[in-house]
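All remarks here apply to the structure that follows.
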Amino acid sequence: MAIDGFASSVFMAPMAGITDQPWRTIIHGCGEGNLISEMAAVNAIQYKNPKSYQIANVKNEPYPVVVQLVGNSPLLFSEAAKLVADLGAKSIDINMGCPVKKIVNNNSGSALMKDVKLAAQIIEATVKASPLKVSVKFRKGWDNEHINAVEFAQMCESSGASYITIHGRTRAQGYTGVADWEIIKAVKNAVKIPVIGNGDIDTPKKAAERIKESGVDGVMIGRALLGNPWLLNATHQYLATGIEVAKPTLQQIKDTLLKHLHLLVAYYGEKSGMAISRKHTSWYVKGLHEAKAFREQYTKLNELAAAEDLVETFFTRVMI
């Protein structure tokens with residue numbers, strides 16, 4: 001089943017502190033794939049908290065962006081849904097899968113899998129308030145004693161969700177262990193709306209295998225993109241043509257790292273941009289010769305010019 005309105009069956013997973021505007025710009029520059037924002041809290045958007053408002057504001061981005069919302073109030077979801085439509089969102093995704101303690105303790109994220117009635121009210125309110133498609137991302141269940149993904153998926157469908165994404169782990173697992181694609185298959189077989197599978201997709205071939213095994217309509221890739229923004233497009237191309245895209249060259253890695261660094265500084269300012277760049281830079285150089293020494297030097301830098309010089313010096317050595 002095609003996911004109406006989306007040109008690709010491959011989705012970037014929303015990741016807090018990672019899938020910001022600079023990251024989406026980088027991913028888009030690497031090719032095809034669907035982009036999504038970090039999660040934005042509905043109460044913070046309502047009160048125009050600068051950080052949350054900035055996360056939700058995608059109207060100046062020259063590509064479609066799904067905006068993800070998190071919270072526990074149907075009323076605030078309704079108000080936020082109206083606002084993000086005005087802020088340029090392509091569609092809205094409701095986060096009912098985040099396992100982080102501060103989100104769960106607020107009866108949001110995966111905690112809503114334990115309160116199906118409230119979850120249904122949130123979906124219904126969001127669908128009613130917005131002209132955009134509304135999707136829901138959730139997990140296998142709360143823990144191994146409370147696995148309710150199939151029933152939860154059916155509730156999402158009956159509440160008006162246009163499509164759903166299921167991560168094949170419980171909240172108790174977090175990101176440990178192995179994703180359960182059998183539960184993802186069961187969810188796909190239980191509903192008529194499109195289903196996106198999420199969990200442990202780290203190669204284009206694995207994406208194709210999981211789609212064949214489970215029958216899902218698309219896949220979502222998260223942590224495997226860190227330091228490898230080319231993977232989303234490579235997966236899209238492989239699913240569309242069966243052809244494997246060549247891995248990025250060292251020159252491409254260097255150029256992309258520098259571009260990402262400049263985007264971060266332009267978006268956040270030099271001080272914050274440099275601080276945020278440290279994790280991304282570490283991911284880009286992972287596995288390269290002398291990467292550890294490079295990371296140790298890079299973490300001490302606070303100025304863009306010094307960072308550029310170090311990157312140039314490092315890649316000059318590794319490309320010899």
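Lettering and numbering for the structure tokens are positional, with chains as A, B, ... in the shown order, residues counted from 1 in each chain, and ligands counted from 1 in the shown order.
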### Query
Skipping near chain neighbours, those fewer than 5 positions away, what residues fall within 10 Å of A:Gly17 using only C-alpha atoms, listed as a PyMOL selection string?
chain A and resi 23+37-39+276
Since we have the selection now, will you write its residues out, keeping C-alpha atoms, as a compact mmCIF listing (two decimals), in the first residue's frame?
```
# COMPACT_ATOMS: atom_id res chain seq x y z
CA TRP A 23 20.30 17.90 10.05
CA SER A 37 11.23 17.22 13.08
CA GLU A 38 12.34 16.69 16.64
CA MET A 39 9.37 16.25 18.96
CA ILE A 276 26.17 20.66 19.24
```
### Message
I'd like the contact shell of stretch 279-293 of chain A - 6 Å cut-off, only C-alpha atoms, skipping same-chain residues fewer than 3 positions apart - returned as an MDAnalysis selection string.
### Response
chainID A and resid 226:227 296
#### Entry: Closest of A:Thr165, A:Ile211, A:Gln46, A:Gln121 to A:Ala81 - atom-to-atom distances counting only C-alpha atoms
A:Gln46
### Query
Near A:Thr25, counting only C-alpha atoms, which residues have an atom at most 10 Å away, once you skip same-chain residues fewer than 3 positions from it, shown as a list of chain:residue names?
A:Thr19, A:Asp20, A:Gln21, A:Pro22, A:His28, A:Gly29, A:Cys30, A:Leu35, A:Glu61, A:Pro62, A:Tyr63, A:Lys259, A:His260, A:Leu263
### Option closest in space to A:Thr170, from A:Met96, A:Ile243, A:Ile221, A:Leu83 [counting only C-alpha atoms]
A:Met96
### Message
Give me, as a list in words, all polymer residues having an atom no more than 12 Å from A:Asn57, counting only C-alpha atoms and skipping those fewer than 4 positions away in the same chain.
### Response
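Skipping anything fewer than 4 positions along the chain leaves Asp20, Gln21, Ile36, Ser37, Glu38, Met39, Ala40, Ile45, Lys48, Asn49, Pro50, Lys51, Ser52, Tyr53, Glu61, Val65, Val66, Val67, Gln68, Ala80, Leu83, Val84, Ala85, Asp86, Leu87, Gly88, Ala89 and Lys90 of chain A.
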I'd like the contact shell of A:Ser108 - 9 Å cut-off, only C-alpha atoms, skipping same-chain residues fewer than 2 positions apart - returned as a PDB file with N, CA, C and O atoms, in the first residue's frame.
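Done, and the output landed in out_28.pdb:
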```pdb
ATOM      1  N   VAL A  70       4.271  16.065  20.995  1.00  0.00           N
ATOM      2  CA  VAL A  70       4.212  15.214  22.172  1.00  0.00           C
ATOM      3  C   VAL A  70       3.475  15.960  23.271  1.00  0.00           C
ATOM      4  O   VAL A  70       3.571  17.189  23.383  1.00  0.00           O
ATOM      5  N   GLY A  71       2.732  15.231  24.087  1.00  0.00           N
ATOM      6  CA  GLY A  71       1.975  15.844  25.171  1.00  0.00           C
ATOM      7  C   GLY A  71       0.908  14.902  25.676  1.00  0.00           C
ATOM      8  O   GLY A  71       0.873  13.712  25.320  1.00  0.00           O
ATOM      9  N   ASN A  72      -0.004  15.431  26.509  1.00  0.00           N
ATOM     10  CA  ASN A  72      -1.036  14.566  27.099  1.00  0.00           C
ATOM     11  C   ASN A  72      -2.415  15.212  27.139  1.00  0.00           C
ATOM     12  O   ASN A  72      -3.331  14.673  27.753  1.00  0.00           O
ATOM     13  N   ASN A  95       3.601  11.614  18.981  1.00  0.00           N
ATOM     14  CA  ASN A  95       4.556  10.755  19.665  1.00  0.00           C
ATOM     15  C   ASN A  95       3.870  10.022  20.813  1.00  0.00           C
ATOM     16  O   ASN A  95       3.515  10.615  21.818  1.00  0.00           O
ATOM     17  N   MET A  96       3.704   8.713  20.643  1.00  0.00           N
ATOM     18  CA  MET A  96       3.186   7.861  21.703  1.00  0.00           C
ATOM     19  C   MET A  96       4.152   6.700  21.944  1.00  0.00           C
ATOM     20  O   MET A  96       3.739   5.623  22.371  1.00  0.00           O
ATOM     21  N   GLY A  97       5.439   6.974  21.655  1.00  0.00           N
ATOM     22  CA  GLY A  97       6.429   5.924  21.803  1.00  0.00           C
ATOM     23  C   GLY A  97       7.689   6.302  22.545  1.00  0.00           C
ATOM     24  O   GLY A  97       8.491   5.430  22.880  1.00  0.00           O
ATOM     25  N   CYS A  98       7.898   7.593  22.812  1.00  0.00           N
ATOM     26  CA  CYS A  98       9.137   8.012  23.473  1.00  0.00           C
ATOM     27  C   CYS A  98       9.258   7.345  24.845  1.00  0.00           C
ATOM     28  O   CYS A  98       8.346   7.418  25.666  1.00  0.00           O
ATOM     29  N   LYS A 102      11.485  11.587  31.605  1.00  0.00           N
ATOM     30  CA  LYS A 102      10.809  12.869  31.835  1.00  0.00           C
ATOM     31  C   LYS A 102       9.568  13.019  30.965  1.00  0.00           C
ATOM     32  O   LYS A 102       8.624  13.724  31.347  1.00  0.00           O
ATOM     33  N   ILE A 103       9.547  12.373  29.802  1.00  0.00           N
ATOM     34  CA  ILE A 103       8.364  12.400  28.945  1.00  0.00           C
ATOM     35  C   ILE A 103       7.294  11.466  29.502  1.00  0.00           C
ATOM     36  O   ILE A 103       6.122  11.840  29.634  1.00  0.00           O
ATOM     37  N   VAL A 104       7.700  10.259  29.869  1.00  0.00           N
ATOM     38  CA  VAL A 104       6.773   9.267  30.405  1.00  0.00           C
ATOM     39  C   VAL A 104       6.165   9.733  31.718  1.00  0.00           C
ATOM     40  O   VAL A 104       4.965   9.546  31.975  1.00  0.00           O
ATOM     41  N   ASN A 105       6.974  10.350  32.577  1.00  0.00           N
ATOM     42  CA  ASN A 105       6.471  10.819  33.872  1.00  0.00           C
ATOM     43  C   ASN A 105       5.441  11.925  33.726  1.00  0.00           C
ATOM     44  O   ASN A 105       4.695  12.224  34.670  1.00  0.00           O
ATOM     45  N   ASN A 106       5.387  12.536  32.532  1.00  0.00           N
ATOM     46  CA  ASN A 106       4.390  13.559  32.244  1.00  0.00           C
ATOM     47  C   ASN A 106       3.156  12.958  31.573  1.00  0.00           C
ATOM     48  O   ASN A 106       2.330  13.673  31.016  1.00  0.00           O
ATOM     49  N   SER A 110       5.336   7.082  25.398  1.00  0.00           N
ATOM     50  CA  SER A 110       4.877   5.695  25.499  1.00  0.00           C
ATOM     51  C   SER A 110       3.959   5.453  26.685  1.00  0.00           C
ATOM     52  O   SER A 110       3.279   4.420  26.749  1.00  0.00           O
ATOM     53  N   ALA A 111       3.888   6.402  27.629  1.00  0.00           N
ATOM     54  CA  ALA A 111       2.940   6.255  28.742  1.00  0.00           C
ATOM     55  C   ALA A 111       1.506   6.197  28.234  1.00  0.00           C
ATOM     56  O   ALA A 111       0.631   5.593  28.873  1.00  0.00           O
ATOM     57  N   LEU A 112       1.249   6.804  27.090  1.00  0.00           N
ATOM     58  CA  LEU A 112      -0.112   6.803  26.537  1.00  0.00           C
ATOM     59  C   LEU A 112      -0.541   5.423  26.059  1.00  0.00           C
ATOM     60  O   LEU A 112      -1.740   5.183  25.857  1.00  0.00           O
TER      61      LEU A 112
END
```
Excluding stretch 228-241 of chain A and its own-chain neighbours fewer than 6 positions away, which residues fall within 6 Å of it when counting only C-alpha atoms? Please give them as a JSON list (two decimals) with C-alpha atoms, in the first residue's frame.
```
[["chain", "number", "residue", "atom", "x", "y", "z"],
["A", 10, "VAL", "CA", 11.69, 5.57, 3.71],
["A", 27, "ILE", "CA", 19.77, 14.64, 4.82],
["A", 30, "CYS", "CA", 22.02, 13.54, 0.22],
["A", 31, "GLY", "CA", 18.96, 12.56, -1.80],
["A", 32, "GLU", "CA", 15.50, 11.08, -1.28],
["A", 33, "GLY", "CA", 13.60, 10.23, 1.89],
["A", 204, "PRO", "CA", 19.26, -0.90, 2.49]]
```
### Task
Please identify which residues in stretch 4-233 of chain A DSSP calls strand (DSSP E or B) from the backbone, and express them as a VMD selection string.
chain A and resid 10 to 12 34 to 41 65 to 70 91 to 96 134 to 141 147 163 to 170 195 to 198 218 to 221
### Query
Which residue, A:Met15, A:Ala207, A:Leu118, A:Val150, has the smallest gap to A:Lys188 when you use only C-alpha atoms?
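Among the listed residues, the smallest separation from A:Lys188 belongs to A:Val150.
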